[in-house]
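First comes the structure, then the notes that go with it.
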Amino acid sequence: MIRTGQKIENPVTGEVLIFRQTSRDTGGEYVLVETVLRPGATVAAAHSHPYQSESFQVLEGRVGLKVGRRKVELGPGEGVTVLPRTAHKFWNASEGAARFTCEIRPAGAFEQLIETMFGLAADGKTSKKGMPNPLRLAVIARHHFDDVRLPVVPHALQRIALALGAPLGKAFGYREGYETA
């Protein structure tokens with residue numbers, strides 16, 4: 001379980017998250033994280049949140065974002081809010097580290113999803129892009145379908161694929177969550 005002040009790192013994507021306010025702190029209203037992007041860092045994949053918005057506020061360096069079809073590059077003091085169901089991804093657009101805050105509203109199961117994905121990456125259980133194998137991903141994605149989705153594949157097709165893949169993944173022993181020791 002994520003705690004206020006906890007720092008977790010994804011060595012594959014180059015992201016470091018520091019939880020400034022957790023869902024427990026806010027009664028589930030939101031999660032506030034400070035994100036440090038190492039040089040070359042990028043989120044593992046473009047994605048959308050069906051019920052959550054994400055507000056980014058750059059503190060240091062430059063952060064590139066693709067929000068829908070629009071690309072933006074933000075510097076210190078600049079920000080953008082990504083509305084629910086909007087495809088997005090982000091990356092470090094600086095030569096050095098970049099740093100921003102991100103507020104996710106409502107909190108949903110964001111913390112568990114991040115803990116799972118970052119834990120798998122830290123333990124060497126993801127691809128070079130930070131994604132777990134397809135069967136493990138199916139189990140995780142089905143569990144978090146209300147938190148995150150692929151932006152390109154129609155949601156109905158995702159549901160069908162996950163309905164087939166997740167039980168097979170569970171048969172191989174994969175679980176919805178992953179916590180490091």
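All residue names refer to the structure tokens as shown: chains lettered A, B, ... in order, residues numbered from 1 in each chain, ligands numbered from 1 in order.
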Please return, as a PyMOL selection string, all residues of range 27-124 of chain A that DSSP assigns to strand (DSSP E) on the basis of the backbone. chain A and resi 31-37+53-60+63-67+70-74+79-82+88-92+98-105
Kindly export the residues of the current selection with N, CA and C atoms, as a compact mmCIF listing (two decimals), in the first residue's frame.
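Output (result07.txt):
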```txt
# COMPACT_ATOMS: atom_id res chain seq x y z
N VAL A 31 -5.20 11.90 -6.00
CA VAL A 31 -3.84 11.52 -5.63
C VAL A 31 -2.95 12.60 -6.21
N LEU A 32 -1.97 13.06 -5.42
CA LEU A 32 -1.02 14.06 -5.90
C LEU A 32 0.37 13.45 -5.85
N VAL A 33 1.01 13.37 -7.02
CA VAL A 33 2.37 12.83 -7.09
C VAL A 33 3.30 13.87 -7.69
N GLU A 34 4.52 13.86 -7.20
CA GLU A 34 5.59 14.62 -7.83
C GLU A 34 6.36 13.61 -8.66
N THR A 35 6.56 13.92 -9.92
CA THR A 35 7.23 13.01 -10.83
C THR A 35 8.55 13.63 -11.29
N VAL A 36 9.60 12.83 -11.22
CA VAL A 36 10.89 13.21 -11.75
C VAL A 36 11.14 12.31 -12.96
N LEU A 37 11.42 12.93 -14.08
CA LEU A 37 11.75 12.18 -15.29
C LEU A 37 13.24 12.32 -15.54
N SER A 53 -9.32 12.56 -14.52
CA SER A 53 -8.56 13.61 -15.19
C SER A 53 -7.17 13.63 -14.55
N GLU A 54 -6.20 14.13 -15.31
CA GLU A 54 -4.83 14.29 -14.82
C GLU A 54 -4.40 15.72 -15.08
N SER A 55 -3.98 16.40 -14.04
CA SER A 55 -3.49 17.78 -14.19
C SER A 55 -1.99 17.80 -13.95
N PHE A 56 -1.25 18.21 -14.97
CA PHE A 56 0.20 18.27 -14.93
C PHE A 56 0.64 19.72 -14.71
N GLN A 57 1.61 19.93 -13.82
CA GLN A 57 2.18 21.26 -13.58
C GLN A 57 3.69 21.10 -13.53
N VAL A 58 4.39 21.67 -14.52
CA VAL A 58 5.84 21.51 -14.62
C VAL A 58 6.54 22.39 -13.59
N LEU A 59 7.49 21.79 -12.88
CA LEU A 59 8.28 22.49 -11.87
C LEU A 59 9.69 22.80 -12.35
N GLU A 60 10.25 21.90 -13.16
CA GLU A 60 11.64 22.02 -13.58
C GLU A 60 11.83 21.28 -14.90
N VAL A 63 8.76 19.21 -20.27
CA VAL A 63 7.99 17.97 -20.38
C VAL A 63 7.18 18.02 -21.68
N GLY A 64 7.36 17.01 -22.51
CA GLY A 64 6.57 16.88 -23.73
C GLY A 64 5.34 16.04 -23.43
N LEU A 65 4.23 16.43 -24.00
CA LEU A 65 2.99 15.67 -23.85
C LEU A 65 2.29 15.58 -25.19
N LYS A 66 1.69 14.45 -25.43
CA LYS A 66 0.76 14.33 -26.54
C LYS A 66 -0.59 14.11 -25.90
N VAL A 67 -1.49 15.05 -26.12
CA VAL A 67 -2.83 15.02 -25.54
C VAL A 67 -3.81 14.98 -26.69
N ARG A 70 -2.84 16.55 -30.17
CA ARG A 70 -2.05 17.76 -29.98
C ARG A 70 -0.78 17.46 -29.19
N LYS A 71 0.36 17.93 -29.69
CA LYS A 71 1.63 17.83 -28.98
C LYS A 71 1.95 19.18 -28.36
N VAL A 72 2.38 19.14 -27.09
CA VAL A 72 2.79 20.37 -26.42
C VAL A 72 4.09 20.10 -25.68
N GLU A 73 4.84 21.15 -25.46
CA GLU A 73 6.04 21.07 -24.64
C GLU A 73 5.92 22.16 -23.59
N LEU A 74 5.97 21.76 -22.33
CA LEU A 74 5.75 22.69 -21.23
C LEU A 74 7.02 22.91 -20.43
N GLY A 79 1.22 24.29 -17.30
CA GLY A 79 0.51 23.06 -17.00
C GLY A 79 -0.57 22.76 -18.01
N VAL A 80 -1.13 21.57 -17.89
CA VAL A 80 -2.22 21.14 -18.76
C VAL A 80 -3.06 20.10 -18.00
N THR A 81 -4.34 20.09 -18.26
CA THR A 81 -5.23 19.08 -17.69
C THR A 81 -5.71 18.18 -18.80
N VAL A 82 -5.57 16.89 -18.59
CA VAL A 82 -6.03 15.87 -19.53
C VAL A 82 -7.37 15.36 -19.02
N HIS A 88 -3.28 10.09 -24.04
CA HIS A 88 -2.15 10.94 -23.71
C HIS A 88 -0.91 10.12 -23.38
N LYS A 89 0.23 10.76 -23.49
CA LYS A 89 1.51 10.22 -23.06
C LYS A 89 2.41 11.40 -22.76
N PHE A 90 3.49 11.14 -22.03
CA PHE A 90 4.42 12.22 -21.70
C PHE A 90 5.84 11.69 -21.73
N TRP A 91 6.80 12.64 -21.83
CA TRP A 91 8.20 12.29 -21.88
C TRP A 91 9.03 13.49 -21.43
N ASN A 92 10.27 13.23 -21.09
CA ASN A 92 11.21 14.28 -20.73
C ASN A 92 11.72 14.92 -22.01
N ALA A 98 13.61 16.37 -15.62
CA ALA A 98 12.42 17.21 -15.62
C ALA A 98 11.59 16.79 -14.41
N ARG A 99 10.80 17.75 -13.90
CA ARG A 99 10.02 17.45 -12.70
C ARG A 99 8.67 18.14 -12.81
N PHE A 100 7.61 17.41 -12.45
CA PHE A 100 6.27 17.98 -12.47
C PHE A 100 5.41 17.34 -11.39
N THR A 101 4.32 18.03 -11.07
CA THR A 101 3.32 17.41 -10.21
C THR A 101 2.19 16.94 -11.11
N CYS A 102 1.52 15.91 -10.65
CA CYS A 102 0.37 15.38 -11.37
C CYS A 102 -0.71 15.05 -10.35
N GLU A 103 -1.88 15.61 -10.59
CA GLU A 103 -3.03 15.34 -9.72
C GLU A 103 -4.02 14.49 -10.50
N ILE A 104 -4.37 13.33 -9.97
CA ILE A 104 -5.29 12.40 -10.61
C ILE A 104 -6.60 12.46 -9.84
N ARG A 105 -7.70 12.82 -10.54
CA ARG A 105 -9.03 12.97 -9.92
C ARG A 105 -10.07 12.15 -10.64
```
Lys125 in chain A surroundings by only C-alpha atoms, 12 Å radius, close-in-sequence under 6 positions cut, as a PyMOL selection string: chain A and resi 10-12+116-119+131-134+136-137+174+178+180
Excluding range 154-164 of chain A and residues on its chain fewer than 4 positions from it, collect all residues at most 9 Å away from it, counting only C-alpha atoms, and give them as a PDB file with all heavy atoms, in the first residue's frame.
```pdb
ATOM      1  N   ALA A 138      -2.860  -8.739 -19.367  1.00  0.00           N
ATOM      2  CA  ALA A 138      -4.310  -8.964 -19.468  1.00  0.00           C
ATOM      3  C   ALA A 138      -4.953  -9.039 -18.089  1.00  0.00           C
ATOM      4  O   ALA A 138      -6.027  -8.466 -17.865  1.00  0.00           O
ATOM      5  CB  ALA A 138      -4.589 -10.239 -20.261  1.00  0.00           C
ATOM      6  N   VAL A 139      -4.302  -9.712 -17.158  1.00  0.00           N
ATOM      7  CA  VAL A 139      -4.843  -9.824 -15.798  1.00  0.00           C
ATOM      8  C   VAL A 139      -4.887  -8.441 -15.145  1.00  0.00           C
ATOM      9  O   VAL A 139      -5.902  -8.055 -14.551  1.00  0.00           O
ATOM     10  CB  VAL A 139      -3.994 -10.809 -14.950  1.00  0.00           C
ATOM     11  CG1 VAL A 139      -4.443 -10.798 -13.495  1.00  0.00           C
ATOM     12  CG2 VAL A 139      -4.081 -12.218 -15.524  1.00  0.00           C
ATOM     13  N   ALA A 141      -4.754  -5.420 -16.667  1.00  0.00           N
ATOM     14  CA  ALA A 141      -5.621  -4.497 -17.413  1.00  0.00           C
ATOM     15  C   ALA A 141      -7.101  -4.774 -17.171  1.00  0.00           C
ATOM     16  O   ALA A 141      -7.902  -3.838 -17.080  1.00  0.00           O
ATOM     17  CB  ALA A 141      -5.307  -4.578 -18.906  1.00  0.00           C
ATOM     18  N   ARG A 142      -7.462  -6.039 -17.038  1.00  0.00           N
ATOM     19  CA  ARG A 142      -8.868  -6.351 -16.764  1.00  0.00           C
ATOM     20  C   ARG A 142      -9.264  -5.819 -15.391  1.00  0.00           C
ATOM     21  O   ARG A 142     -10.334  -5.249 -15.212  1.00  0.00           O
ATOM     22  CB  ARG A 142      -9.113  -7.854 -16.848  1.00  0.00           C
ATOM     23  CG  ARG A 142     -10.584  -8.208 -16.703  1.00  0.00           C
ATOM     24  CD  ARG A 142     -10.794  -9.675 -16.902  1.00  0.00           C
ATOM     25  NE  ARG A 142     -12.213  -9.981 -17.035  1.00  0.00           N
ATOM     26  CZ  ARG A 142     -12.684 -11.195 -16.974  1.00  0.00           C
ATOM     27  NH1 ARG A 142     -11.886 -12.236 -16.817  1.00  0.00           N
ATOM     28  NH2 ARG A 142     -13.966 -11.401 -17.092  1.00  0.00           N
ATOM     29  N   PHE A 145      -9.570  -1.909 -15.596  1.00  0.00           N
ATOM     30  CA  PHE A 145     -10.250  -1.404 -16.790  1.00  0.00           C
ATOM     31  C   PHE A 145     -10.950  -0.067 -16.552  1.00  0.00           C
ATOM     32  O   PHE A 145     -11.120   0.723 -17.468  1.00  0.00           O
ATOM     33  CB  PHE A 145     -11.233  -2.447 -17.337  1.00  0.00           C
ATOM     34  CG  PHE A 145     -11.619  -2.214 -18.766  1.00  0.00           C
ATOM     35  CD1 PHE A 145     -10.697  -2.390 -19.781  1.00  0.00           C
ATOM     36  CD2 PHE A 145     -12.899  -1.810 -19.099  1.00  0.00           C
ATOM     37  CE1 PHE A 145     -11.046  -2.166 -21.117  1.00  0.00           C
ATOM     38  CE2 PHE A 145     -13.264  -1.600 -20.430  1.00  0.00           C
ATOM     39  CZ  PHE A 145     -12.335  -1.773 -21.435  1.00  0.00           C
ATOM     40  N   ARG A 149      -6.961   2.504 -20.025  1.00  0.00           N
ATOM     41  CA  ARG A 149      -7.265   1.745 -21.247  1.00  0.00           C
ATOM     42  C   ARG A 149      -6.318   2.169 -22.355  1.00  0.00           C
ATOM     43  O   ARG A 149      -5.712   3.234 -22.310  1.00  0.00           O
ATOM     44  CB  ARG A 149      -8.706   1.995 -21.693  1.00  0.00           C
ATOM     45  CG  ARG A 149      -9.725   1.543 -20.664  1.00  0.00           C
ATOM     46  CD  ARG A 149     -11.122   1.752 -21.127  1.00  0.00           C
ATOM     47  NE  ARG A 149     -12.044   1.414 -20.051  1.00  0.00           N
ATOM     48  CZ  ARG A 149     -13.315   1.727 -20.041  1.00  0.00           C
ATOM     49  NH1 ARG A 149     -13.840   2.379 -21.066  1.00  0.00           N
ATOM     50  NH2 ARG A 149     -14.079   1.388 -19.033  1.00  0.00           N
ATOM     51  N   LEU A 150      -6.233   1.314 -23.357  1.00  0.00           N
ATOM     52  CA  LEU A 150      -5.489   1.653 -24.565  1.00  0.00           C
ATOM     53  C   LEU A 150      -6.324   2.630 -25.380  1.00  0.00           C
ATOM     54  O   LEU A 150      -7.529   2.448 -25.523  1.00  0.00           O
ATOM     55  CB  LEU A 150      -5.205   0.403 -25.393  1.00  0.00           C
ATOM     56  CG  LEU A 150      -4.305  -0.640 -24.758  1.00  0.00           C
ATOM     57  CD1 LEU A 150      -4.268  -1.898 -25.617  1.00  0.00           C
ATOM     58  CD2 LEU A 150      -2.910  -0.076 -24.579  1.00  0.00           C
ATOM     59  N   LEU A 168      -6.659 -16.912 -18.679  1.00  0.00           N
ATOM     60  CA  LEU A 168      -5.475 -17.684 -19.051  1.00  0.00           C
ATOM     61  C   LEU A 168      -4.260 -17.207 -18.251  1.00  0.00           C
ATOM     62  O   LEU A 168      -3.481 -18.019 -17.735  1.00  0.00           O
ATOM     63  CB  LEU A 168      -5.225 -17.556 -20.557  1.00  0.00           C
ATOM     64  CG  LEU A 168      -4.134 -18.434 -21.154  1.00  0.00           C
ATOM     65  CD1 LEU A 168      -4.374 -19.904 -20.853  1.00  0.00           C
ATOM     66  CD2 LEU A 168      -4.055 -18.212 -22.656  1.00  0.00           C
TER      67      LEU A 168
END
```
Considering only C-alpha atoms, state which residue in the set A:Arg3, A:Arg62, A:Arg85, A:Arg24 is at the smallest distance from His47 in chain A. A:Arg85
Pick from A:His144, A:His49, A:Arg69, A:Lys170, whichever lies nearest to Pro84 in chain A using only C-alpha atoms: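 Among A:His144, A:His49, A:Arg69, A:Lys170, it is A:His49 that comes nearest to Pro84 in chain A.
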Between CA of Gln112 in chain A and CA of Thr4 in chain A, what distance in Å does the model show, to one decimal? 13.8 Å
Contact residues around Gly40 in chain A with only C-alpha atoms at 9 Å, ignoring same-chain residues under 3 positions, as a PyMOL selection string: chain A and resi 13-14+37+91-97
Which residues come within 7 Å of Glu29 in chain A, counting only C-alpha atoms, excluding same-chain residues fewer than 2 positions away, as JSON, numbers by chain? {"A": [23, 26, 27, 105, 106, 107]}
Distance in Å - CA of Glu15 in chain A versus CA of Lys129 in chain A: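 Taking CA of Glu15 in chain A as the start and CA of Lys129 in chain A as the end point, the length is 12.0 Å.
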Restricting the calculation to only C-alpha atoms: of A:Met1, A:Gly75, A:Asp146, A:Glu176, which residue gets closest to Leu120 in chain A? A:Glu176
